[in-house]
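Undergrad: One structure follows; several queries about it will come next.
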Amino acid sequence: MSAKQACDSCTSSTCSSRPRDLQETDEQYAARQRLAERTAKIRHKILVLSGKGGVGKSTVAANLAMHLALNGRRVGLLDVDIHGPSIPRLFGLEGKATYMVGESMMPLEFSVNLKIMSIAFCLSDSDAALIWRGPMKIGVIRQFLADVEWGDLDYLIVDCPPGTGDEPLSAVQMLNDADGAVVVTTPQTISVDDVRRSISFCRKLSLPVLGVIENMSGFACPKCGEITDIFGAGGGEDMAKSMGVPFLGRIPIDPAVRETCDQGKPHAYYNSKTPSGLAFAAAFDPLLALPERECDGPQA
Ligand code: ADP
């Protein structure tokens, strides 16, 4: 079935390409059309999820975007962590601001083929706490997808806040044809338990799980080289196996990862040949060759 036929017969209430609803206002219809037009220019959409905070989800999202860009892909990185945006820091873009060109918001460019957008680029005070309820957050995410001048992209990477709340749910619904999610965990049981919920969230939304990454998996002592499994090891891999989803790889704890993050220098760019840099690359390489995806009908 062609994409056009699929759209004509589709009854999804969330897809941005569906025919006009009778109860839709002109404004709502125009907003939905804008969203459909923008997202149609993006070939692959990947959400990065985690069950809990602090497991390295933003670090993985930033380095995944960087790895894809280093391999010649045109990449957008969208930070939908409205309450704790950390992507600007990871790229040394703190304090920078978006600006408007016509009706479009301009993303910041880390390099010519890596564009970045975050709520932090819209705030005059980066330390301000946003006390927003669901509808406001959903409105901002819609704007980031519909009104940002992403242009033609090979990949959009969406860094979601931890858990299964409004932000990942809205992003999945607005990107009706996302390729899937990369789920980040650490090896210890408590994190792995939380990530099971992320996987069942994906299943409920018919969002494929592209793979699990076990971050902070083992620490190689820089003095003696001995590997210590500070948080245990293999928990993410075992969980991926038991839940029938792909396992993409383990990333060791490496002080240089934290240092490059703090300095705003993406590890995948500055330390690509270190063991941790190579581990990131090996985990991300399968995502360079995603099959083309056609919308396959309504979501749950
Ligand atoms: P999350 O997005 O899950 O809250 P972050 O990506 O912000 O987590 O990472 C939390 C902290 O852990 C950051 O200081 C980051 O630099 C550090 N970190 C992430 N992965 C690693 C790693 N493999 N080795 C060392 N530090 C890491």
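Identifiers in this document derive from the order of the structure tokens: chains are assigned A, B, ..., residues are numbered from 1 separately in each chain, and ligands are numbered from 1 in order of occurrence.
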Show me, as a compact mmCIF listing (two decimals) with all heavy atoms, in the first residue's frame, the residues that have an atom within 6 Å of region 77-79 of chain A when counting only C-alpha atoms, minus same-chain residues fewer than 3 positions from it.
TA:
# COMPACT_ATOMS: atom_id res chain seq x y z
N ILE A 116 20.61 21.89 16.47
CA ILE A 116 20.17 21.58 17.83
C ILE A 116 19.09 22.56 18.28
O ILE A 116 19.21 23.77 18.04
CB ILE A 116 21.37 21.64 18.80
CG1 ILE A 116 22.46 20.66 18.34
CG2 ILE A 116 20.94 21.35 20.23
CD1 ILE A 116 23.74 20.70 19.13
N MET A 117 18.06 22.03 18.95
CA MET A 117 17.05 22.91 19.55
C MET A 117 16.73 22.42 20.95
O MET A 117 16.64 21.22 21.20
CB MET A 117 15.78 22.94 18.69
CG MET A 117 14.69 23.81 19.24
SD MET A 117 15.21 25.50 19.66
CE MET A 117 15.10 26.30 18.10
N SER A 118 16.57 23.41 21.86
CA SER A 118 16.28 23.09 23.25
C SER A 118 15.49 24.25 23.83
O SER A 118 15.65 25.40 23.38
CB SER A 118 17.61 22.92 24.01
OG SER A 118 17.40 22.95 25.40
N LEU A 156 16.40 12.80 12.98
CA LEU A 156 16.09 13.66 14.12
C LEU A 156 16.19 12.79 15.37
O LEU A 156 15.52 11.75 15.49
CB LEU A 156 14.68 14.25 14.01
CG LEU A 156 14.30 15.16 15.19
CD1 LEU A 156 15.11 16.46 15.16
CD2 LEU A 156 12.81 15.49 15.17
N ILE A 157 17.06 13.20 16.30
CA ILE A 157 17.22 12.49 17.57
C ILE A 157 16.49 13.32 18.63
O ILE A 157 16.75 14.52 18.76
CB ILE A 157 18.72 12.38 17.96
CG1 ILE A 157 19.54 11.77 16.81
CG2 ILE A 157 18.88 11.59 19.25
CD1 ILE A 157 19.12 10.39 16.39
N VAL A 158 15.58 12.68 19.35
CA VAL A 158 14.79 13.40 20.35
C VAL A 158 15.21 12.90 21.74
O VAL A 158 14.99 11.73 22.08
CB VAL A 158 13.28 13.18 20.13
CG1 VAL A 158 12.48 14.00 21.14
CG2 VAL A 158 12.88 13.55 18.70
N ASP A 159 15.82 13.79 22.51
CA ASP A 159 16.24 13.45 23.88
C ASP A 159 15.07 13.74 24.82
O ASP A 159 14.72 14.90 25.05
CB ASP A 159 17.47 14.30 24.26
CG ASP A 159 17.97 13.98 25.66
OD1 ASP A 159 17.72 12.86 26.15
OD2 ASP A 159 18.62 14.85 26.27
Undergrad: Identify, on the basis of only C-alpha atoms, every residue whose closest approach to Gln33 (chain A) does not exceed 12 Å; exclude the query and any residue fewer than 4 positions from it along the same chain; express the result as a VMD selection string.
TA: chain A and resid 15 to 20 24 26 to 29 37 to 40 142 145 to 147 174
Undergrad: I need the residue nearest Tyr270 (chain A) from this list: A:Cys160, A:Ala256, A:Gly235, A:Met216. Use only C-alpha atoms for the distance.
TA: A:Ala256
Undergrad: Excluding same-chain residues fewer than 2 positions from Asp152 (chain A), what lies within 12 Å of it counting only C-alpha atoms, as a ChimeraX atom specification?
TA: /A:37-44,73-76,113-115,148-150,154-156
Undergrad: Quick one: residues within 8 Å of ligand 1, with only C-alpha atoms and all ligand atoms, as a PyMOL selection string?
TA: chain A and resi 50+52-61+86+161-162+184+215-217+251-262+276
Undergrad: Okay, now the selection with C-alpha atoms, as a compact mmCIF listing (two decimals), in the first residue's frame?
TA:
# COMPACT_ATOMS: atom_id res chain seq x y z
CA SER A 50 15.42 6.03 29.97
CA LYS A 52 15.31 7.03 35.40
CA GLY A 53 17.52 10.11 35.46
CA GLY A 54 21.30 10.15 35.68
CA VAL A 55 21.92 7.01 33.61
CA GLY A 56 23.54 8.97 30.77
CA LYS A 57 20.55 9.33 28.45
CA SER A 58 21.44 12.87 27.29
CA THR A 59 25.08 11.83 26.93
CA VAL A 60 23.98 8.96 24.68
CA ALA A 61 21.60 11.21 22.69
CA SER A 86 21.18 19.51 29.30
CA PRO A 161 13.16 13.34 29.96
CA PRO A 162 13.32 10.13 32.02
CA VAL A 184 19.44 3.73 27.99
CA ASN A 215 25.86 2.75 30.02
CA MET A 216 28.31 3.02 32.92
CA SER A 217 29.04 -0.65 32.44
CA ILE A 251 29.62 1.86 27.37
CA PRO A 252 32.21 1.83 30.19
CA ILE A 253 32.46 4.46 32.88
CA ASP A 254 35.18 6.79 31.67
CA PRO A 255 36.10 10.01 33.52
CA ALA A 256 36.84 11.53 30.10
CA VAL A 257 33.15 11.15 29.15
CA ARG A 258 32.15 13.35 32.08
CA GLU A 259 34.95 15.80 31.42
CA THR A 260 34.08 16.24 27.74
CA CYS A 261 30.40 16.60 28.70
CA ASP A 262 31.24 19.31 31.21
CA SER A 276 34.72 4.45 25.45
Undergrad: Give me, as a count of residues only, the residues of region 89-290 of chain A that a backbone DSSP run labels alpha helix (DSSP H).
TA: 72
Undergrad: Please compute the CA of Val209 (chain A)-CA of Gly180 (chain A) distance, one decimal, in Å.
TA: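 Interatomic distance here is 5.4 Å.
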Undergrad: Using DSSP on the backbone coordinates, identify all residues within region 223-269 of chain A classified as strand (DSSP E); present the result as a PDB file with C-alpha atoms, in the first residue's frame.
TA:
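The result, written out as result.pdb:
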ATOM      1  CA  ILE A 227      37.996  -3.475  35.210  1.00  0.00           C
ATOM      2  CA  THR A 228      35.665  -2.980  38.180  1.00  0.00           C
ATOM      3  CA  PHE A 247      20.979  -4.965  22.612  1.00  0.00           C
ATOM      4  CA  LEU A 248      23.210  -2.284  21.089  1.00  0.00           C
ATOM      5  CA  GLY A 249      26.158  -2.385  23.463  1.00  0.00           C
ATOM      6  CA  ARG A 250      27.888  -1.431  26.700  1.00  0.00           C
TER       7      ARG A 250
END
Undergrad: For Glu109 (chain A), which residue out of A:Ala69, A:His83, A:Ala36, A:Gly51 is the nearest one, using only C-alpha atoms?
TA: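 Using only C-alpha atoms, Glu109 (chain A) sits closest to A:Ala69.
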Undergrad: Counting only C-alpha atoms, which residue out of A:Met239, A:Met66, A:Ala178, A:Val112 sits closest to Leu288 (chain A)?
TA: A:Met66
Undergrad: For region 200-235 of chain A versus region 193-196 of chain A, which residues have an atom no more than 12 Å away, and what is each residue's nearest atom pair and distance in Å rounded to one decimal, using only C-alpha atoms, chain-then-number order, as JSON lines?
TA:
{"residue": "A:Ser200", "atom": "CA", "partner": "A:Arg196", "partner_atom": "CA", "distance": 6.3}
{"residue": "A:Phe201", "atom": "CA", "partner": "A:Arg196", "partner_atom": "CA", "distance": 8.6}
{"residue": "A:Cys202", "atom": "CA", "partner": "A:Arg196", "partner_atom": "CA", "distance": 9.9}
{"residue": "A:Arg203", "atom": "CA", "partner": "A:Arg196", "partner_atom": "CA", "distance": 10.6}
{"residue": "A:Val209", "atom": "CA", "partner": "A:Arg196", "partner_atom": "CA", "distance": 11.4}
{"residue": "A:Gly211", "atom": "CA", "partner": "A:Val195", "partner_atom": "CA", "distance": 11.7}
{"residue": "A:Val212", "atom": "CA", "partner": "A:Val195", "partner_atom": "CA", "distance": 9.1}
{"residue": "A:Ile213", "atom": "CA", "partner": "A:Val195", "partner_atom": "CA", "distance": 10.7}
{"residue": "A:Glu214", "atom": "CA", "partner": "A:Val195", "partner_atom": "CA", "distance": 10.7}
{"residue": "A:Gly235", "atom": "CA", "partner": "A:Asp193", "partner_atom": "CA", "distance": 9.6}
Undergrad: Counting only C-alpha atoms, which residue out of A:Ala289, A:Leu68, A:Leu108, A:Leu49 sits closest to Pro168 (chain A)?
TA: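 With only C-alpha atoms as the atom set, the closest residue is A:Leu49.
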Undergrad: Do a neighbour search on Ala120 (chain A) at 10 Å with only C-alpha atoms, toss out local chain neighbours closer than 6 positions, and write the hits as a list in words.
TA: Asp79, Asp81, Ile82, His83, Gly84, Pro85, Ser86, Ile87, Pro88, Arg89, Leu93, Glu94, Gly95, Lys96, Ala97, Thr98, Ser126, Asp127 and Ala128 of chain A
Undergrad: For the residues in that selection, give me N, CA and C atoms as a tab-separated table (two decimals), in the first residue's frame.
TA:
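What ended up in part-v2.tsv:
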chain	number	residue	atom	x	y	z
A	79	ASP	N	15.96	18.56	22.14
A	79	ASP	CA	15.94	18.32	23.59
A	79	ASP	C	14.54	18.64	24.09
A	81	ASP	N	13.53	17.74	27.06
A	81	ASP	CA	13.57	17.71	28.53
A	81	ASP	C	13.32	19.15	29.00
A	82	ILE	N	12.04	19.49	29.11
A	82	ILE	CA	11.66	20.88	29.36
A	82	ILE	C	12.14	21.35	30.74
A	83	HIS	N	12.10	20.44	31.73
A	83	HIS	CA	12.47	20.86	33.08
A	83	HIS	C	13.97	20.77	33.36
A	84	GLY	N	14.69	20.00	32.56
A	84	GLY	CA	16.13	19.87	32.83
A	84	GLY	C	16.92	19.74	31.55
A	85	PRO	N	16.87	20.78	30.69
A	85	PRO	CA	17.56	20.64	29.40
A	85	PRO	C	19.08	20.60	29.58
A	86	SER	N	19.72	19.55	29.12
A	86	SER	CA	21.18	19.51	29.30
A	86	SER	C	21.93	19.45	27.98
A	87	ILE	N	21.21	19.33	26.87
A	87	ILE	CA	21.90	19.23	25.57
A	87	ILE	C	22.75	20.47	25.26
A	88	PRO	N	22.28	21.70	25.54
A	88	PRO	CA	23.13	22.87	25.22
A	88	PRO	C	24.50	22.78	25.89
A	89	ARG	N	24.54	22.36	27.16
A	89	ARG	CA	25.82	22.25	27.86
A	89	ARG	C	26.75	21.24	27.18
A	93	LEU	N	26.88	25.16	24.10
A	93	LEU	CA	25.99	26.18	23.53
A	93	LEU	C	25.16	26.87	24.61
A	94	GLU	N	25.64	26.82	25.85
A	94	GLU	CA	24.88	27.48	26.93
A	94	GLU	C	24.85	28.99	26.69
A	95	GLY	N	23.71	29.58	27.01
A	95	GLY	CA	23.59	31.03	26.88
A	95	GLY	C	23.25	31.48	25.48
A	96	LYS	N	23.24	30.55	24.52
A	96	LYS	CA	22.89	30.92	23.15
A	96	LYS	C	21.37	30.95	23.01
A	97	ALA	N	20.90	31.68	22.01
A	97	ALA	CA	19.45	31.83	21.86
A	97	ALA	C	19.03	31.55	20.42
A	98	THR	N	17.82	31.02	20.29
A	98	THR	CA	17.24	30.87	18.96
A	98	THR	C	16.76	32.24	18.48
A	126	SER	N	18.97	30.99	32.07
A	126	SER	CA	19.09	29.53	31.95
A	126	SER	C	18.90	28.83	33.30
A	127	ASP	N	18.96	29.58	34.41
A	127	ASP	CA	18.76	28.95	35.71
A	127	ASP	C	17.30	28.98	36.15
A	128	ALA	N	16.45	29.60	35.33
A	128	ALA	CA	15.03	29.71	35.72
A	128	ALA	C	14.40	28.32	35.72
